[in-house]
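Novice: Submitted below is the structure of interest, expressed as structure tokens.
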Amino acid sequence: MENGTAGIYANGANAAITLMGASVMGNNIGISAPGVGNIYSYKNNAINFNFGGDGGIVPGNVLPLN
């Protein structure tokens, strides 16, 4: 919370982050995966109220709750 840049940032060929039950709020950008990084998200995360935008999860990277 409250980072000057991105709250969650995955960048690089092997960069992969999986979020479950996370709150990402009050950052410049909520989530960012420029280039070839991947961010995977379960459906129980709160990603909102970020100043420069929340970012987005690629639709194929949304994981079901088991």
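By convention in this document, the chains of the structure tokens carry letters A, B, ... by their order, each chain's residues are numbered from 1, and ligands are numbered from 1 in the order they are shown.
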Mind checking DSSP for chain A and telling me the strand (DSSP E) residues as a list in words?
Specialist: Ala6, Gly7, Ile8, Tyr9, Ala16, Ile17, Thr18, Leu19, Ser23, Val24, Ile29, Gly30, Ile31, Ser32, Asn38, Ile39, Tyr40, Ser41, Tyr42, Ala46, Ile47, Val62 and Leu63 of chain A
Novice: Output C-alpha atoms of each residue in that selection to a file, as a compact mmCIF listing (two decimals), in the first residue's frame.
Specialist:
```
# COMPACT_ATOMS: atom_id res chain seq x y z
CA ALA A 6 3.40 0.36 -8.69
CA GLY A 7 2.02 -1.66 -5.81
CA ILE A 8 2.60 -4.92 -7.70
CA TYR A 9 5.21 -4.92 -10.50
CA ALA A 16 5.43 -14.07 -12.34
CA ILE A 17 3.33 -12.96 -9.36
CA THR A 18 0.21 -14.69 -8.05
CA LEU A 19 -2.20 -12.72 -5.84
CA SER A 23 -5.43 -5.44 -1.06
CA VAL A 24 -3.61 -3.16 -3.50
CA ILE A 29 -0.39 2.39 -10.24
CA GLY A 30 -2.04 -0.65 -8.66
CA ILE A 31 -0.53 -3.43 -10.76
CA SER A 32 1.86 -3.34 -13.67
CA ASN A 38 2.80 -12.01 -15.69
CA ILE A 39 0.44 -11.29 -12.82
CA TYR A 40 -2.06 -14.01 -11.94
CA SER A 41 -5.04 -13.20 -9.76
CA TYR A 42 -7.55 -15.24 -7.81
CA ALA A 46 -9.17 -5.81 -3.92
CA ILE A 47 -7.29 -3.67 -6.46
CA VAL A 62 -7.69 -14.83 -13.64
CA LEU A 63 -7.65 -17.99 -11.54
```
Novice: To one decimal place in Å, what is the distance between CA of Gly52 (chain A) and CA of Ala15 (chain A)?
Specialist: 22.6 Å
Novice: By how many Å are CA of Ala22 (chain A) and CA of Val36 (chain A) apart?
Specialist: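 CA of Val36 (chain A) lies at a distance of 22.2 Å from CA of Ala22 (chain A).
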Novice: Here is a test: counting only C-alpha atoms, which residue of A:Gly12, A:Gly60, A:Gly4, A:Gly21 is nearest to Pro34 (chain A)?
Specialist: A:Gly12
